[in-house]
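Notes for the one structure printed next.
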Amino acid sequence: MQLADFKILALLPWQDWLALLAFFAAWIGYALFAKRRTESVQSLLATTNRYRREWMRQVTYREVRVVDGVVIQNLSSSPSFFASTTILIIGGLLALLGTSEKATELVKEIPFAARTSTLVFDLKLLLLTGIFIYAFFRFTWSLRQYTFGALMVASAPDHRVFERGEASREEFAERAGRIVGMAAETFNDGLRAYYMSFAVVGWFFSPWWFAIGTAVVVWILYQREFHSDVLAVLRA
């Protein structure tokens with residue numbers, strides 16, 4: 001290991017490196033866990049995907065599909081709103097990086113806040129900025145996927161074509177439902193990043209609060225995706 005590597009490691013105490021490692025391990029690990037658990041236990045996202053597929057199957061029976069286009073437009077408004085909000089947050093964090101010395105002094109006045117150097121404070125801000133940049137890309141990709149879903153609904157054959165058997169209802173429902181479902185999954189990734197950003201806020205107080213916040217956020221995500229009241233209603 002080179003001398004520069006030791007200098008990088010020396011920037012943070014071992015408690016901070018441990019909390020940071022636990023944060024990324026929990027985020028990535030939970031995403032993989034949720035995806036695999038969905039194969040045996042229906043999550044909130046998987047359950048709503050069944051409704052999306054059924055929605056697209058009903059599209060093949062309708063003569064006029066204006067309502068379906070309006071629904072997709074309304075669904076796409078959520079990632080559009082979050083993408084715009086994320087840009088403002090990123091701008092605020094970048095502006096804060098330019099005045100990090102004053103911000104560091106302000107944080108030191110907060111009870112129980114960790115006393116760190118300006119460089120370490122900047123690293124924490126950079127982590128938050130990176131999380132919101134990731135969320136921005138997920139939200140904008142979700143927005144584009146909803147656009148693709150709208151194109152599929154608009155290009156669907158007339159309902160009489162499906163009735164004559166010239167086009168398969170199930171095939172169309174599977175493809176179109178999957179596109180809209182992928183948009184929802186991508187939007188969910190962006191929301192998950194927002195949740196994880198709250199755990200990072202605890203890092204400004206101490207690495208232990210950072211670790212505790214990470215565990216609490218993952219627990220909340222798990223409860224909402226696999227044990228929420230709305231999931232029970234949708235399953236019923």
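Here's how to read the names in the structure tokens: chain A, B, ... by the order shown, residue numbers from 1 in each chain, ligand numbers from 1 in the order shown.
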Fewer than 5 positions away in the same chain doesn't count, so skip those; otherwise give me all residues within 7 Å of segment 70-83 of chain A, counting only C-alpha atoms, as a PyMOL selection string.
chain A and resi 136+139-140+142-143+146+150+187
When DSSP is applied to the backbone of this structure, which of chain A are assigned helix (DSSP H, G or I)? Write them out as a count of residues only.
194
From the options A:Leu93, A:Ile131, A:Ala22, A:Thr147, which residue's atoms come nearest to Asp189 of chain A, counting only C-alpha atoms?
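Looking only at the distances to Asp189 of chain A, the closest residue turns out to be A:Ile131.
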Using only C-alpha atoms, can you tell me which of A:Ile90, A:Phe204, A:Arg50, A:Met56 comes closest to Asp122 of chain A?
A:Phe204
For segment 125-128 of chain A: contacts at 12 Å, only C-alpha atoms, fewer than 5 positions along chain excluded, given as a compact mmCIF listing (two decimals) with C-alpha atoms, in the first residue's frame:
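Wrote it out as out16.txt, contents follow:
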# COMPACT_ATOMS: atom_id res chain seq x y z
CA LEU A 20 -19.55 4.51 5.83
CA PHE A 23 -24.06 2.46 4.93
CA PHE A 24 -23.15 1.28 1.43
CA THR A 86 -33.37 17.11 -6.66
CA ILE A 89 -31.06 20.21 -3.56
CA ILE A 90 -27.89 19.52 -5.54
CA GLY A 91 -27.51 23.24 -6.23
CA GLY A 92 -27.90 23.99 -2.53
CA LEU A 93 -25.31 21.38 -1.54
CA LEU A 94 -22.82 22.69 -4.11
CA ALA A 95 -23.37 26.22 -2.82
CA LEU A 96 -22.77 24.96 0.71
CA LEU A 97 -19.49 23.41 -0.42
CA GLY A 98 -18.34 26.89 -1.38
CA THR A 99 -18.94 28.15 2.15
CA SER A 100 -18.01 24.99 4.03
CA ALA A 103 -20.92 25.85 7.76
CA THR A 104 -18.37 23.86 9.76
CA THR A 118 -13.42 21.46 6.91
CA LEU A 119 -12.09 18.72 4.61
CA VAL A 120 -14.05 15.99 6.42
CA ILE A 133 -27.08 12.99 -8.29
CA TYR A 134 -27.84 9.25 -8.39
CA ALA A 135 -31.46 9.98 -7.46
CA ALA A 193 -31.90 7.20 -2.33
CA TYR A 194 -33.88 10.00 -0.68
CA TYR A 195 -34.52 7.78 2.34
CA MET A 196 -30.84 6.85 2.59
CA SER A 197 -29.82 10.50 2.45
CA PHE A 198 -31.54 11.03 5.81
CA ALA A 199 -29.20 8.44 7.32
CA VAL A 200 -26.21 10.47 6.07
CA VAL A 201 -27.50 13.51 7.99
CA GLY A 202 -26.73 11.57 11.17
CA TRP A 203 -23.07 11.48 10.13
CA PHE A 204 -22.81 15.22 10.85
Might you pull out every residue within 12 Å of Val233 of chain A, with only C-alpha atoms counted and same-chain residues fewer than 4 positions away left off, and present them as a VMD selection string?
chain A and resid 44 47 to 48 227 to 229
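The residue that comes closest to Glu174 of chain A, out of A:Val218, A:Val59, A:Leu231, A:Leu18 and on the basis of only C-alpha atoms, is A:Val59.
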What lies within 9 Å of Glu163 of chain A using only C-alpha atoms, ignoring chain neighbours under 4 positions off, as a list in words?
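Contacts, in chain order: Thr60, Tyr61, His159, Ala167 and Arg169 of chain A.
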Write out as a list in words the residues lying within 10 Å of Tyr222 of chain A, counting only C-alpha atoms and excluding same-chain residues fewer than 3 positions away.
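Everything that qualifies: Tyr30, Phe33, Ala34, Ser43, Val216, Val217, Val218, Trp219, Glu225, Phe226, His227 and Ser228 of chain A.
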Write a file of the selected residues as a PDB file, in the first residue's frame, keeping N, CA and C atoms.
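Written output follows (result_15.pdb):
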ATOM      1  N   TYR A  30     -29.622  -4.269   0.843  1.00  0.00           N
ATOM      2  CA  TYR A  30     -31.081  -4.277   0.925  1.00  0.00           C
ATOM      3  C   TYR A  30     -31.715  -4.303  -0.465  1.00  0.00           C
ATOM      4  N   PHE A  33     -31.465  -7.798  -1.574  1.00  0.00           N
ATOM      5  CA  PHE A  33     -32.359  -8.614  -0.764  1.00  0.00           C
ATOM      6  C   PHE A  33     -33.814  -8.440  -1.188  1.00  0.00           C
ATOM      7  N   ALA A  34     -34.232  -7.183  -1.391  1.00  0.00           N
ATOM      8  CA  ALA A  34     -35.616  -6.911  -1.771  1.00  0.00           C
ATOM      9  C   ALA A  34     -35.941  -7.522  -3.128  1.00  0.00           C
ATOM     10  N   SER A  43     -43.823  -8.201  -2.815  1.00  0.00           N
ATOM     11  CA  SER A  43     -43.566  -6.889  -2.231  1.00  0.00           C
ATOM     12  C   SER A  43     -44.612  -5.900  -2.732  1.00  0.00           C
ATOM     13  N   VAL A 216     -32.134   2.207  10.864  1.00  0.00           N
ATOM     14  CA  VAL A 216     -33.542   2.632  10.981  1.00  0.00           C
ATOM     15  C   VAL A 216     -34.167   2.816   9.608  1.00  0.00           C
ATOM     16  N   VAL A 217     -33.433   3.444   8.690  1.00  0.00           N
ATOM     17  CA  VAL A 217     -33.960   3.674   7.344  1.00  0.00           C
ATOM     18  C   VAL A 217     -34.218   2.347   6.625  1.00  0.00           C
ATOM     19  N   VAL A 218     -33.286   1.413   6.732  1.00  0.00           N
ATOM     20  CA  VAL A 218     -33.471   0.108   6.088  1.00  0.00           C
ATOM     21  C   VAL A 218     -34.683  -0.611   6.684  1.00  0.00           C
ATOM     22  N   TRP A 219     -34.848  -0.502   7.999  1.00  0.00           N
ATOM     23  CA  TRP A 219     -36.008  -1.131   8.651  1.00  0.00           C
ATOM     24  C   TRP A 219     -37.315  -0.519   8.147  1.00  0.00           C
ATOM     25  N   GLU A 225     -42.243  -1.916   2.272  1.00  0.00           N
ATOM     26  CA  GLU A 225     -42.272  -2.711   1.045  1.00  0.00           C
ATOM     27  C   GLU A 225     -42.854  -4.105   1.247  1.00  0.00           C
ATOM     28  N   PHE A 226     -42.778  -4.631   2.468  1.00  0.00           N
ATOM     29  CA  PHE A 226     -43.205  -6.023   2.677  1.00  0.00           C
ATOM     30  C   PHE A 226     -44.275  -6.202   3.757  1.00  0.00           C
ATOM     31  N   HIS A 227     -44.502  -5.191   4.604  1.00  0.00           N
ATOM     32  CA  HIS A 227     -45.462  -5.377   5.692  1.00  0.00           C
ATOM     33  C   HIS A 227     -46.370  -4.168   5.898  1.00  0.00           C
ATOM     34  N   SER A 228     -46.585  -3.368   4.888  1.00  0.00           N
ATOM     35  CA  SER A 228     -47.411  -2.178   5.053  1.00  0.00           C
ATOM     36  C   SER A 228     -48.893  -2.520   4.958  1.00  0.00           C
TER      37      SER A 228
END
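For the residues A:Arg144, A:Met152, A:Ile87, A:Ile212, ranking by smallest atom-to-atom distance to Gly130 of chain A using only C-alpha atoms places A:Ile87 first.
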Residues near Glu170 of chain A, cut-off 12 Å, only C-alpha atoms, skip fewer than 2 positions along chain, as a PyMOL selection string:
chain A and resi 53-61+162+165+167-168+172-178
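If you measure from each of A:Phe121, A:Arg160, A:Gln42, A:Met182 to Arg138 of chain A using only C-alpha atoms, the closest one turns out to be A:Met182.
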